[in-house]
file my_file.cif (mmCIF, C-alpha atoms)
data_data
loop_
_atom_site.label_atom_id
_atom_site.label_comp_id
_atom_site.auth_asym_id
_atom_site.auth_seq_id
_atom_site.Cartn_x
_atom_site.Cartn_y
_atom_site.Cartn_z
CA MET A 30 -15.58 -13.83 0.64
CA LYS A 31 -14.88 -17.43 1.53
CA PRO A 32 -16.25 -18.56 4.89
CA THR A 33 -13.47 -19.33 7.31
CA ASN A 34 -15.46 -21.45 9.69
CA PRO A 35 -18.95 -22.31 8.44
CA ILE A 36 -21.24 -23.69 11.09
CA PHE A 37 -23.97 -26.16 10.40
CA LEU A 38 -27.44 -24.71 10.55
CA SER A 39 -30.40 -27.04 10.36
CA LYS A 40 -32.87 -26.54 7.54
CA GLU A 41 -35.42 -25.41 10.09
CA LEU A 42 -33.13 -22.78 11.56
CA VAL A 43 -32.15 -21.50 8.12
CA ALA A 44 -35.79 -21.28 7.11
CA ALA A 45 -36.80 -19.52 10.32
CA SER A 46 -33.96 -17.02 10.25
CA SER A 47 -34.03 -16.22 6.55
CA ARG A 48 -36.90 -13.74 6.72
CA PRO A 49 -35.60 -11.57 9.58
CA MET A 50 -32.10 -11.77 8.11
CA VAL A 51 -33.15 -10.54 4.67
CA LEU A 52 -35.54 -7.93 6.05
CA SER A 53 -32.83 -6.64 8.41
CA ILE A 54 -30.38 -6.26 5.55
CA LEU A 55 -32.94 -4.49 3.40
CA ALA A 56 -33.76 -2.18 6.32
CA GLY A 57 -30.32 -0.73 5.64
CA GLY A 58 -31.22 0.09 2.06
CA GLU A 59 -32.19 -1.57 -1.20
CA SER A 60 -30.09 -4.43 -2.41
CA TYR A 61 -30.02 -7.44 -4.75
CA GLY A 62 -29.50 -11.16 -4.35
CA TRP A 63 -25.76 -11.48 -4.65
CA GLU A 64 -25.13 -8.47 -2.45
CA ILE A 65 -27.57 -9.71 0.20
CA LEU A 66 -25.68 -13.00 0.41
CA GLN A 67 -22.38 -11.19 0.81
CA ARG A 68 -23.91 -9.13 3.62
CA VAL A 69 -25.05 -12.30 5.39
CA ARG A 70 -21.54 -13.70 5.17
CA LEU A 71 -19.95 -10.46 6.26
CA LEU A 72 -22.30 -9.93 9.19
CA SER A 73 -21.78 -13.50 10.40
CA GLY A 74 -18.04 -13.40 9.89
CA GLY A 75 -18.43 -16.18 7.34
CA ARG A 76 -19.89 -18.53 9.91
CA ILE A 77 -23.35 -18.59 8.35
CA GLU A 78 -23.27 -19.99 4.86
CA TRP A 79 -26.44 -19.97 2.81
CA SER A 80 -26.84 -21.89 -0.40
CA ASP A 81 -26.62 -19.14 -3.02
CA GLY A 82 -29.50 -20.23 -5.22
CA MET A 83 -31.81 -20.79 -2.28
CA LEU A 84 -31.95 -17.08 -1.50
CA TYR A 85 -34.14 -16.35 -4.51
CA PRO A 86 -37.17 -18.42 -3.52
CA VAL A 87 -36.96 -16.63 -0.16
CA LEU A 88 -37.01 -13.25 -1.92
CA ARG A 89 -39.93 -14.41 -4.10
CA ARG A 90 -41.90 -15.41 -1.04
CA LEU A 91 -41.18 -12.14 0.75
CA GLU A 92 -42.32 -10.29 -2.36
CA GLN A 93 -45.51 -12.33 -2.64
CA GLU A 94 -46.24 -11.54 0.99
CA GLY A 95 -45.75 -7.84 0.28
CA LEU A 96 -42.84 -7.54 2.70
CA VAL A 97 -40.42 -6.42 0.01
CA THR A 98 -40.85 -4.87 -3.41
CA GLY A 99 -38.71 -5.84 -6.37
CA GLU A 100 -37.74 -3.78 -9.38
CA TRP A 101 -35.78 -4.76 -12.49
CA ARG A 102 -33.04 -2.42 -13.58
CA THR A 103 -30.23 -2.56 -16.08
CA VAL A 104 -26.81 -2.09 -14.55
CA GLU A 105 -23.64 -0.74 -16.16
CA SER A 106 -22.62 -4.10 -17.55
CA GLY A 107 -25.94 -4.24 -19.42
CA ARG A 108 -27.20 -7.06 -17.22
CA LYS A 109 -30.68 -7.04 -15.78
CA ARG A 110 -30.70 -7.00 -12.02
CA ARG A 111 -33.61 -7.18 -9.62
CA TYR A 112 -33.35 -4.81 -6.69
CA TYR A 113 -35.34 -5.32 -3.52
CA ARG A 114 -36.60 -2.75 -1.09
CA LEU A 115 -38.29 -3.14 2.29
CA SER A 116 -41.99 -2.23 2.18
CA ALA A 117 -43.93 -0.61 5.01
CA LYS A 118 -45.48 -3.99 5.74
CA GLY A 119 -42.01 -5.52 5.75
CA ARG A 120 -40.83 -2.93 8.25
CA GLY A 121 -43.67 -3.91 10.59
CA GLN A 122 -42.88 -7.60 10.12
CA LEU A 123 -39.23 -6.96 10.89
CA SER A 124 -40.21 -5.24 14.11
CA ASP A 125 -42.31 -8.26 15.11
CA ASP A 126 -39.58 -10.70 14.10
CA ARG A 127 -37.00 -8.76 16.04
CA ALA A 128 -39.12 -8.83 19.20
CA GLY A 129 -39.66 -12.57 18.81
CA TRP A 130 -36.03 -13.42 18.16
CA MET A 131 -34.84 -11.21 21.00
CA ALA A 132 -37.23 -13.00 23.35
CA VAL A 133 -35.88 -16.39 22.24
CA HIS A 134 -32.33 -15.13 22.41
CA GLY A 135 -32.87 -13.71 25.88
CA ALA A 136 -34.36 -16.94 27.18
CA LEU A 137 -31.64 -19.11 25.67
CA SER A 138 -28.89 -16.78 26.89
CA LEU A 139 -30.19 -17.00 30.42
CA THR A 140 -30.39 -20.77 30.19
CA TRP A 141 -26.93 -21.22 28.70
CA GLY A 142 -25.46 -18.50 30.86
CA GLY A 143 -26.46 -20.60 33.85
CA GLY A 144 -24.24 -23.41 32.64
CA ASP A 145 -27.06 -25.84 32.07
CA VAL A 146 -25.76 -26.85 28.64
CA MET B 25 -10.64 -20.25 -25.52
CA PHE B 26 -13.36 -20.04 -22.91
CA ASP B 27 -16.56 -18.37 -24.12
CA LEU B 28 -18.45 -17.03 -21.09
CA ASP B 29 -21.64 -16.23 -23.00
CA ALA B 30 -21.75 -19.72 -24.50
CA ALA B 31 -21.17 -21.26 -21.08
CA VAL B 32 -23.92 -19.12 -19.56
CA GLY B 33 -26.20 -20.06 -22.46
CA ALA B 34 -25.63 -23.76 -21.83
CA TRP B 35 -26.17 -23.27 -18.10
CA ARG B 36 -29.39 -21.40 -18.82
CA THR B 37 -30.63 -24.09 -21.19
CA ALA B 38 -30.11 -26.71 -18.51
CA PHE B 39 -32.17 -24.68 -16.02
CA ALA B 40 -34.86 -23.82 -18.58
CA ARG B 41 -35.67 -27.52 -18.99
CA ASP B 42 -37.13 -27.39 -15.50
CA ARG B 43 -40.50 -25.68 -15.53
CA ALA B 44 -40.02 -24.53 -11.94
CA PHE B 45 -37.82 -21.69 -13.21
CA SER B 46 -39.46 -18.77 -14.95
CA SER B 47 -37.53 -16.59 -17.36
CA ALA B 48 -37.40 -13.94 -14.61
CA ASP B 49 -35.88 -16.50 -12.23
CA LEU B 50 -33.27 -17.37 -14.84
CA ASP B 51 -32.43 -13.70 -15.41
CA GLU B 52 -31.86 -13.22 -11.71
CA LEU B 53 -29.85 -16.42 -11.31
CA GLU B 54 -27.78 -15.51 -14.36
CA ASP B 55 -26.93 -12.15 -12.83
CA HIS B 56 -25.83 -13.97 -9.69
CA LEU B 57 -23.78 -16.48 -11.69
CA ARG B 58 -21.96 -13.76 -13.59
CA ALA B 59 -21.30 -11.79 -10.39
CA ALA B 60 -19.90 -14.92 -8.73
CA TYR B 61 -17.74 -15.59 -11.81
CA ASP B 62 -16.33 -12.05 -11.71
CA VAL B 63 -15.48 -12.43 -8.03
CA GLU B 64 -13.78 -15.80 -8.55
CA LEU B 65 -11.50 -14.20 -11.14
CA HIS B 66 -10.97 -11.12 -9.00
CA LEU B 67 -9.92 -13.21 -5.99
CA ASP B 68 -7.60 -15.37 -8.05
CA PRO B 69 -6.49 -13.61 -11.25
CA GLY B 70 -4.49 -16.66 -12.24
CA LEU B 71 -7.54 -18.90 -12.25
CA ALA B 72 -8.57 -20.28 -15.63
CA PRO B 73 -11.87 -18.68 -16.73
CA ALA B 74 -13.44 -22.10 -17.30
CA ARG B 75 -12.50 -23.11 -13.76
CA ALA B 76 -13.85 -19.82 -12.38
CA PHE B 77 -17.14 -20.43 -14.16
CA GLU B 78 -17.31 -23.98 -12.84
CA GLN B 79 -16.82 -22.73 -9.29
CA ALA B 80 -19.43 -20.00 -9.71
CA ARG B 81 -21.90 -22.52 -11.11
CA SER B 82 -21.21 -24.89 -8.26
CA VAL B 83 -21.75 -22.18 -5.65
CA LEU B 84 -25.08 -21.23 -7.19
CA GLY B 85 -26.38 -24.80 -7.22
CA ALA B 86 -27.69 -27.27 -9.77
CA PRO B 87 -31.25 -27.16 -11.16
CA GLU B 88 -32.27 -30.30 -9.30
CA GLU B 89 -31.05 -28.78 -6.02
CA LEU B 90 -32.97 -25.53 -6.47
CA SER B 91 -36.01 -26.73 -8.37
CA GLY B 92 -38.08 -27.77 -5.36
CA GLU B 93 -37.86 -24.44 -3.57
CA PHE B 94 -38.53 -22.45 -6.72
CA ALA B 95 -41.52 -24.62 -7.56
CA LYS B 96 -43.03 -23.91 -4.14
CA VAL B 97 -43.14 -20.19 -4.78
CA ALA B 98 -43.31 -20.18 -8.58
CA GLY B 99 -45.88 -17.56 -9.14
CA LYS B 100 -48.54 -19.18 -7.03
CA ALA B 101 -50.64 -16.07 -6.91
CA TRP B 102 -50.70 -15.20 -10.61
CA ARG B 103 -51.19 -18.80 -11.72
CA TRP B 104 -54.00 -19.26 -9.25
CA LEU B 105 -55.70 -16.05 -10.38
CA LEU B 106 -55.30 -16.87 -14.07
CA ARG B 107 -56.66 -20.38 -13.64
CA THR B 108 -59.55 -19.08 -11.58
CA GLY B 109 -60.25 -16.56 -14.34
CA TRP B 110 -60.16 -19.28 -16.98
CA ALA B 111 -62.47 -21.57 -15.01
CA THR B 112 -64.96 -18.78 -14.35
CA PHE B 113 -64.79 -17.70 -17.98
CA ALA B 114 -65.49 -21.23 -19.22
CA LEU B 115 -68.36 -21.67 -16.78
CA ALA B 116 -69.92 -18.37 -17.81
CA TRP B 117 -70.54 -19.64 -21.33
CA PHE B 118 -73.06 -22.11 -19.97
CA LEU B 119 -74.65 -20.02 -17.25
CA PRO B 120 -77.73 -17.84 -17.75
CA VAL B 121 -76.75 -14.29 -18.65
CA HIS B 122 -80.02 -12.44 -18.86
CA ARG B 123 -83.49 -13.17 -17.58
CA PHE B 124 -85.39 -12.66 -20.80
CA GLY B 125 -84.05 -13.33 -24.23
CA ASN B 126 -83.24 -16.05 -26.66
CA THR B 127 -82.14 -19.40 -25.42
CA LEU B 128 -80.18 -22.32 -26.72
CA GLY B 129 -83.49 -23.96 -27.52
CA GLU B 130 -83.48 -27.59 -26.53
CA PHE B 131 -80.04 -27.12 -24.90
CA ALA B 132 -81.19 -24.29 -22.66
CA TRP B 133 -81.12 -25.10 -18.99
CA LYS B 134 -84.31 -23.28 -18.35
CA GLU B 135 -86.93 -21.62 -20.50
CA GLY B 136 -86.48 -17.87 -20.82
CA LEU B 137 -82.82 -17.70 -19.84
CA LEU B 138 -80.03 -16.55 -22.11
CA PRO B 139 -76.88 -18.68 -21.81
CA GLY B 140 -73.49 -17.14 -22.39
CA VAL B 141 -72.91 -18.91 -25.69
CA GLU B 142 -76.04 -17.45 -27.20
CA ALA B 143 -75.41 -14.03 -25.67
CA PHE B 144 -72.09 -14.04 -27.50
CA LEU B 145 -73.74 -14.87 -30.83
CA LEU B 146 -76.46 -12.31 -30.20
CA ALA B 147 -73.91 -9.56 -29.50
CA LEU B 148 -72.33 -10.23 -32.89
CA THR B 149 -75.65 -9.96 -34.69
CA PRO B 150 -75.62 -7.10 -37.25
CA GLY B 151 -77.54 -4.02 -36.17
CA GLY B 152 -76.60 -4.25 -32.51
CA GLY B 153 -74.06 -1.45 -32.71
CA PRO B 154 -70.29 -1.37 -32.21
CA ILE B 155 -70.16 -1.75 -28.43
CA PRO B 156 -71.85 -5.18 -28.29
CA VAL B 157 -69.53 -6.40 -31.06
CA MET B 158 -66.46 -5.05 -29.24
CA SER B 159 -67.71 -6.60 -26.03
CA ALA B 160 -68.09 -9.97 -27.75
CA LEU B 161 -64.60 -9.66 -29.22
CA THR B 162 -63.07 -9.22 -25.77
CA ASN B 163 -63.33 -13.01 -25.62
CA LEU B 164 -60.38 -13.07 -28.02
CA ALA B 165 -58.23 -11.32 -25.41
CA MET B 166 -59.06 -14.07 -22.94
CA ALA B 167 -58.40 -16.72 -25.59
CA ALA B 168 -54.95 -15.21 -26.21
CA THR B 169 -53.99 -15.99 -22.61
CA PHE B 170 -54.32 -19.70 -23.31
CA TRP B 171 -51.24 -19.72 -25.59
CA ARG B 172 -47.96 -20.34 -23.74
CA ILE B 173 -48.45 -17.50 -21.30
CA GLY B 174 -45.92 -19.02 -18.89
CA ASP B 175 -43.11 -18.39 -21.37
CA ALA B 176 -44.30 -14.97 -22.55
CA GLY B 177 -42.22 -11.86 -21.97
CA ARG B 178 -43.21 -8.86 -19.93
CA GLN B 179 -44.50 -6.85 -22.88
CA ARG B 180 -46.91 -9.53 -24.07
CA VAL B 181 -48.08 -10.39 -20.56
CA GLY B 182 -48.47 -6.71 -19.66
CA ALA B 183 -50.36 -5.97 -22.88
CA LEU B 184 -52.73 -8.87 -22.27
CA ALA B 185 -53.25 -7.79 -18.66
CA GLY B 186 -54.15 -4.30 -19.86
CA LEU B 187 -56.45 -5.71 -22.50
CA LEU B 188 -58.24 -7.92 -20.00
CA LEU B 189 -58.69 -5.11 -17.50
CA ALA B 190 -59.92 -2.79 -20.26
CA SER B 191 -62.34 -5.57 -21.23
CA VAL B 192 -63.82 -5.43 -17.74
CA VAL B 193 -64.61 -1.76 -18.23
CA LEU B 194 -66.05 -2.37 -21.69
CA ASN B 195 -68.13 -5.34 -20.59
CA LEU B 196 -69.59 -3.35 -17.72
CA TRP B 197 -71.37 -1.39 -20.44
CA TRP B 198 -74.08 -4.05 -20.29
CA ALA B 199 -74.59 -3.32 -16.61
CA VAL B 200 -74.95 0.37 -17.44
CA VAL B 201 -77.53 -0.44 -20.09
CA TRP B 202 -79.50 -2.49 -17.58
CA ALA B 203 -78.80 -0.17 -14.65
CA ASP B 204 -82.49 0.47 -14.11
CA GLN B 205 -83.17 -3.28 -13.93
CA PRO B 206 -80.02 -4.78 -12.43
CA SER B 207 -81.75 -7.98 -11.44
CA GLU B 208 -82.21 -8.81 -15.12
CA LEU B 209 -78.51 -9.58 -15.44
CA LEU B 210 -77.78 -13.05 -14.11
CA ALA B 211 -74.80 -15.03 -12.80
CA GLY B 212 -73.39 -15.79 -16.25
CA TYR B 213 -72.89 -12.12 -17.03
CA TRP B 214 -71.20 -11.31 -13.73
CA ALA B 215 -69.03 -14.44 -13.88
CA TRP B 216 -68.01 -13.61 -17.45
CA THR B 217 -67.17 -9.98 -16.66
CA GLY B 218 -65.42 -10.88 -13.42
CA SER B 219 -63.31 -13.56 -15.11
CA PHE B 220 -61.57 -10.86 -17.16
CA GLY B 221 -60.75 -8.94 -13.99
CA VAL B 222 -59.40 -11.95 -12.13
CA ALA B 223 -57.27 -13.14 -15.06
CA GLY B 224 -56.17 -9.54 -15.76
CA VAL B 225 -54.96 -9.03 -12.20
CA GLY B 226 -53.15 -12.38 -12.38
CA LEU B 227 -51.32 -11.34 -15.53
CA ALA B 228 -50.55 -7.89 -14.12
CA LEU B 229 -48.85 -9.59 -11.16
CA ARG B 230 -46.98 -11.82 -13.56
CA ALA B 231 -45.85 -8.85 -15.67
CA ARG B 232 -44.56 -7.04 -12.60
CA ALA B 233 -42.29 -9.97 -11.80
CA LEU B 234 -40.83 -10.20 -15.30
CA PRO B 235 -37.80 -8.15 -16.39
CA ASP B 236 -38.42 -5.00 -18.36
CA PRO B 237 -36.55 -5.26 -21.68
CA GLY B 238 -36.95 -1.54 -22.26
CA SER B 239 -35.34 -0.35 -19.05
CA HIS B 240 -32.41 1.97 -19.68
CA LEU B 241 -31.83 3.05 -16.10
CA GLN B 242 -28.11 2.88 -15.44
CA LEU B 243 -26.76 2.08 -12.03
CA THR B 244 -23.33 1.81 -10.57
CA THR B 245 -22.47 -1.79 -9.93
CA ARG B 246 -20.90 -2.92 -6.72
#
call {"tool": "encode", "arguments": {"input": "my_file.cif", "output": "C-alpha cells"}}
result
Amino acid sequence: MKPTNPIFLSKELVAASSRPMVLSILAGGESYGWEILQRVRLLSGGRIEWSDGMLYPVLRRLEQEGLVTGEWRTVESGRKRRYYRLSAKGRGQLSDDRAGWMAVHGALSLTWGGGDV
Amino acid sequence: MFDLDAAVGAWRTAFARDRAFSSADLDELEDHLRAAYDVELHLDPGLAPARAFEQARSVLGAPEELSGEFAKVAGKAWRWLLRTGWATFALAWFLPVHRFGNTLGEFAWKEGLLPGVEAFLLALTPGGGPIPVMSALTNLAMAATFWRIGDAGRQRVGALAGLLLASVVLNLWWAVVWADQPSELLAGYWAWTGSFGVAGVGLALRARALPDPGSHLQLTTR
C-alpha cells in the first residue's frame, strides 16, 4: 500500500516507537518483516512510513534482547522466511512500554487539548 | 527479457560485499525484496518487470543506507562469546594446568607447574589411554572455528557448536579424575575447558540465527 500522506518522524521518534510498534503487532500473532511493515502502514493509515530495510536491525535487536523469537521456515514459493513471535519477556516489555507511552500521550493530550500549542 | 533471479543475484552480490550483512540477513532481505517485487507487479500489472524490481530495490534501501544499522546489531553476542572463547583458549596454553607434573623446563613460569602446552603433549603420550588423547584432540574442534566461521552455513556452525559443547563434557573428565583433589587442577585447565563452553554457546547462538537449509515446513503465503 502506498502511503497517501506520510508524515515526517524524527530519527529519535522512529527509534523510540519501533519497539512498542513491533511488539504490539506481534502481540496479535506471529509475523515476518514484510508483513509487519504492511501492518504499520495499515494501522497508521499510511501516515507512518518506515524505511523497509531498517526494520530488520530492529527485529535483530529485539531477538537479541529476548523480546521476540525468530524461526526460519520455507514458504510455498520455496523461499526462506523468518517468522517472529512475541516471547513472554516481550509481552512484559510491551506492557511496560504501553504504560509509558500512554502516560506520555495523556500528558501531551492534556497540554495540547488546552490550546497551548 | 528480465531475469528476476539474475537481478536478485546481482543485488545480493552488492550487499554481500559489505561485511555488516550476514548470509541470514541477506536471506531475509531477499525475501522482502521478492515480496515487494510481487506487490509492485500486482498493483500495476502493466509495469515492466525490470521497473518493478528497481522500485522494490529502491524501497528496501541500498547497502550503504542499511549497513550502519545492521553493523550495530550484527551478531554482537555470538561474536563476543566466540572471541572471548578464543582469547581464553589461547591464554590457557600458557597458564599452569596442574600443580604437580612436567613443566616446559626453562620456559616454565614456575617450578612444578604444568603449562597447557605441555599438558597437551602429555595427553597425547602413548599409554595414557583413549580419553586423554580424545581430550587433546578436542583442540582441533576449537581450531576449526578459526576458519571463516562468519561465512559458514547453519549446518557447519551448528555441528561445530555441538562439537565444542561435547568437548566441554569430555574435558571435564580430568576434573572427575582429580575429584578427590580438586585444588590440584589450576587456572589453565578451567580456562581451557571453559573456553570450549563459551565459544560453543556463541556458535549455538549463531546457528540459531542462520536459515535452516533442511526445513521442509510449508506455509501459506500472504
call {"tool": "resolve_selection", "arguments": {"input": "my_file.cif", "expression": "the PyMOL selection byres ((chain A) within 10 of (chain B))", "output": "ChimeraX atom specification"}}
result
/A:30-31,61-64,79-93,98-112
call {"tool": "write_last_selection", "arguments": {"input": "my_file.cif", "atoms": "C-alpha atoms", "output": "PDB file, keeping the file's coordinate frame"}}
result
ATOM      1  CA  MET A  30     -15.580 -13.830   0.640  1.00  0.00           C
ATOM      2  CA  LYS A  31     -14.880 -17.430   1.530  1.00  0.00           C
ATOM      3  CA  TYR A  61     -30.020  -7.440  -4.750  1.00  0.00           C
ATOM      4  CA  GLY A  62     -29.500 -11.160  -4.350  1.00  0.00           C
ATOM      5  CA  TRP A  63     -25.760 -11.480  -4.650  1.00  0.00           C
ATOM      6  CA  GLU A  64     -25.130  -8.470  -2.450  1.00  0.00           C
ATOM      7  CA  TRP A  79     -26.440 -19.970   2.810  1.00  0.00           C
ATOM      8  CA  SER A  80     -26.840 -21.890  -0.400  1.00  0.00           C
ATOM      9  CA  ASP A  81     -26.620 -19.140  -3.020  1.00  0.00           C
ATOM     10  CA  GLY A  82     -29.500 -20.230  -5.220  1.00  0.00           C
ATOM     11  CA  MET A  83     -31.810 -20.790  -2.280  1.00  0.00           C
ATOM     12  CA  LEU A  84     -31.950 -17.080  -1.500  1.00  0.00           C
ATOM     13  CA  TYR A  85     -34.140 -16.350  -4.510  1.00  0.00           C
ATOM     14  CA  PRO A  86     -37.170 -18.420  -3.520  1.00  0.00           C
ATOM     15  CA  VAL A  87     -36.960 -16.630  -0.160  1.00  0.00           C
ATOM     16  CA  LEU A  88     -37.010 -13.250  -1.920  1.00  0.00           C
ATOM     17  CA  ARG A  89     -39.930 -14.410  -4.100  1.00  0.00           C
ATOM     18  CA  ARG A  90     -41.900 -15.410  -1.040  1.00  0.00           C
ATOM     19  CA  LEU A  91     -41.180 -12.140   0.750  1.00  0.00           C
ATOM     20  CA  GLU A  92     -42.320 -10.290  -2.360  1.00  0.00           C
ATOM     21  CA  GLN A  93     -45.510 -12.330  -2.640  1.00  0.00           C
ATOM     22  CA  THR A  98     -40.850  -4.870  -3.410  1.00  0.00           C
ATOM     23  CA  GLY A  99     -38.710  -5.840  -6.370  1.00  0.00           C
ATOM     24  CA  GLU A 100     -37.740  -3.780  -9.380  1.00  0.00           C
ATOM     25  CA  TRP A 101     -35.780  -4.760 -12.490  1.00  0.00           C
ATOM     26  CA  ARG A 102     -33.040  -2.420 -13.580  1.00  0.00           C
ATOM     27  CA  THR A 103     -30.230  -2.560 -16.080  1.00  0.00           C
ATOM     28  CA  VAL A 104     -26.810  -2.090 -14.550  1.00  0.00           C
ATOM     29  CA  GLU A 105     -23.640  -0.740 -16.160  1.00  0.00           C
ATOM     30  CA  SER A 106     -22.620  -4.100 -17.550  1.00  0.00           C
ATOM     31  CA  GLY A 107     -25.940  -4.240 -19.420  1.00  0.00           C
ATOM     32  CA  ARG A 108     -27.200  -7.060 -17.220  1.00  0.00           C
ATOM     33  CA  LYS A 109     -30.680  -7.040 -15.780  1.00  0.00           C
ATOM     34  CA  ARG A 110     -30.700  -7.000 -12.020  1.00  0.00           C
ATOM     35  CA  ARG A 111     -33.610  -7.180  -9.620  1.00  0.00           C
ATOM     36  CA  TYR A 112     -33.350  -4.810  -6.690  1.00  0.00           C
TER      37      TYR A 112
END
call {"tool": "residues_around", "arguments": {"input": "my_file.cif", "residues": "Val157 of chain B", "least_positions_apart": "3", "cutoff": "7 Å", "atoms": "only C-alpha atoms", "output": "NGL selection string"}}
result
:B and (147-148 or 153-154 or 160-161)
call {"tool": "resolve_selection", "arguments": {"input": "my_file.cif", "expression": "the PyMOL selection byres ((chain A and resi 118-122) around 7)", "output": "mmCIF file with C-alpha atoms, in the coordinates of the input"}}
result
data_model
loop_
_atom_site.group_PDB
_atom_site.id
_atom_site.type_symbol
_atom_site.label_atom_id
_atom_site.label_comp_id
_atom_site.auth_asym_id
_atom_site.auth_seq_id
_atom_site.Cartn_x
_atom_site.Cartn_y
_atom_site.Cartn_z
ATOM 1 C CA LEU A 52 -35.540 -7.930 6.050
ATOM 2 C CA GLY A 95 -45.750 -7.840 0.280
ATOM 3 C CA LEU A 96 -42.840 -7.540 2.700
ATOM 4 C CA VAL A 97 -40.420 -6.420 0.010
ATOM 5 C CA LEU A 115 -38.290 -3.140 2.290
ATOM 6 C CA SER A 116 -41.990 -2.230 2.180
ATOM 7 C CA ALA A 117 -43.930 -0.610 5.010
ATOM 8 C CA LEU A 123 -39.230 -6.960 10.890
ATOM 9 C CA SER A 124 -40.210 -5.240 14.110
ATOM 10 C CA ASP A 125 -42.310 -8.260 15.110
ATOM 11 C CA ASP A 126 -39.580 -10.700 14.100
#
call {"tool": "atom_distance", "arguments": {"input": "my_file.cif", "atom1": "atom CA of Trp198 of chain B", "atom2": "atom CA of Arg123 of chain B"}}
result
13.4 Å
call {"tool": "atom_distance", "arguments": {"input": "my_file.cif", "atom1": "atom CA of Glu78 of chain B", "atom2": "atom CA of Gly74 of chain A"}}
result
25.1 Å
call {"tool": "resolve_selection", "arguments": {"input": "my_file.cif", "expression": "the PyMOL selection byres ((chain B and resi 196) around 12)", "output": "PyMOL selection string"}}
result
chain B and resi 155-156+159+162+189-195+197-203+206+209+213-218+220-221
call {"tool": "closest_residue", "arguments": {"input": "my_file.cif", "among": "B:Arg230, B:Ala74, B:Trp35, B:Leu105", "to": "Asp175 of chain B", "atoms": "only C-alpha atoms"}}
result
B:Arg230
call {"tool": "atom_distance", "arguments": {"input": "my_file.cif", "atom1": "atom CA of Ser46 of chain B", "atom2": "atom CA of Gly174 of chain B"}}
result
7.6 Å
call {"tool": "build_atoms", "arguments": {"input": "my_file.cif", "residues": "segment 61-74 of chain A", "atoms": "N, CA and C atoms", "output": "PDB file, keeping the file's coordinate frame"}}
result
ATOM      1  N   TYR A  61     -29.660  -6.353  -3.831  1.00  0.00           N
ATOM      2  CA  TYR A  61     -30.020  -7.440  -4.750  1.00  0.00           C
ATOM      3  C   TYR A  61     -29.406  -8.735  -4.249  1.00  0.00           C
ATOM      4  N   GLY A  62     -29.822  -9.836  -4.867  1.00  0.00           N
ATOM      5  CA  GLY A  62     -29.500 -11.160  -4.350  1.00  0.00           C
ATOM      6  C   GLY A  62     -28.057 -11.387  -3.965  1.00  0.00           C
ATOM      7  N   TRP A  63     -27.167 -11.181  -4.912  1.00  0.00           N
ATOM      8  CA  TRP A  63     -25.760 -11.480  -4.650  1.00  0.00           C
ATOM      9  C   TRP A  63     -25.229 -10.638  -3.493  1.00  0.00           C
ATOM     10  N   GLU A  64     -25.603  -9.378  -3.487  1.00  0.00           N
ATOM     11  CA  GLU A  64     -25.130  -8.470  -2.450  1.00  0.00           C
ATOM     12  C   GLU A  64     -25.697  -8.853  -1.075  1.00  0.00           C
ATOM     13  N   ILE A  65     -26.952  -9.291  -1.066  1.00  0.00           N
ATOM     14  CA  ILE A  65     -27.570  -9.710   0.200  1.00  0.00           C
ATOM     15  C   ILE A  65     -26.799 -10.887   0.794  1.00  0.00           C
ATOM     16  N   LEU A  66     -26.438 -11.841  -0.076  1.00  0.00           N
ATOM     17  CA  LEU A  66     -25.680 -13.000   0.410  1.00  0.00           C
ATOM     18  C   LEU A  66     -24.323 -12.591   0.975  1.00  0.00           C
ATOM     19  N   GLN A  67     -23.682 -11.645   0.304  1.00  0.00           N
ATOM     20  CA  GLN A  67     -22.380 -11.190   0.810  1.00  0.00           C
ATOM     21  C   GLN A  67     -22.533 -10.509   2.168  1.00  0.00           C
ATOM     22  N   ARG A  68     -23.641  -9.800   2.336  1.00  0.00           N
ATOM     23  CA  ARG A  68     -23.910  -9.130   3.620  1.00  0.00           C
ATOM     24  C   ARG A  68     -24.104 -10.165   4.730  1.00  0.00           C
ATOM     25  N   VAL A  69     -24.831 -11.237   4.394  1.00  0.00           N
ATOM     26  CA  VAL A  69     -25.050 -12.300   5.390  1.00  0.00           C
ATOM     27  C   VAL A  69     -23.709 -12.872   5.824  1.00  0.00           C
ATOM     28  N   ARG A  70     -22.851 -13.125   4.845  1.00  0.00           N
ATOM     29  CA  ARG A  70     -21.540 -13.700   5.170  1.00  0.00           C
ATOM     30  C   ARG A  70     -20.684 -12.729   5.974  1.00  0.00           C
ATOM     31  N   LEU A  71     -20.752 -11.476   5.568  1.00  0.00           N
ATOM     32  CA  LEU A  71     -19.950 -10.460   6.260  1.00  0.00           C
ATOM     33  C   LEU A  71     -20.430 -10.286   7.704  1.00  0.00           C
ATOM     34  N   LEU A  72     -21.743 -10.167   7.857  1.00  0.00           N
ATOM     35  CA  LEU A  72     -22.300  -9.930   9.190  1.00  0.00           C
ATOM     36  C   LEU A  72     -22.041 -11.111  10.127  1.00  0.00           C
ATOM     37  N   SER A  73     -21.974 -12.313   9.554  1.00  0.00           N
ATOM     38  CA  SER A  73     -21.780 -13.500  10.400  1.00  0.00           C
ATOM     39  C   SER A  73     -20.311 -13.894  10.468  1.00  0.00           C
ATOM     40  N   GLY A  74     -19.455 -13.072   9.893  1.00  0.00           N
ATOM     41  CA  GLY A  74     -18.040 -13.400   9.890  1.00  0.00           C
ATOM     42  C   GLY A  74     -17.766 -14.677   9.113  1.00  0.00           C
TER      43      GLY A  74
END
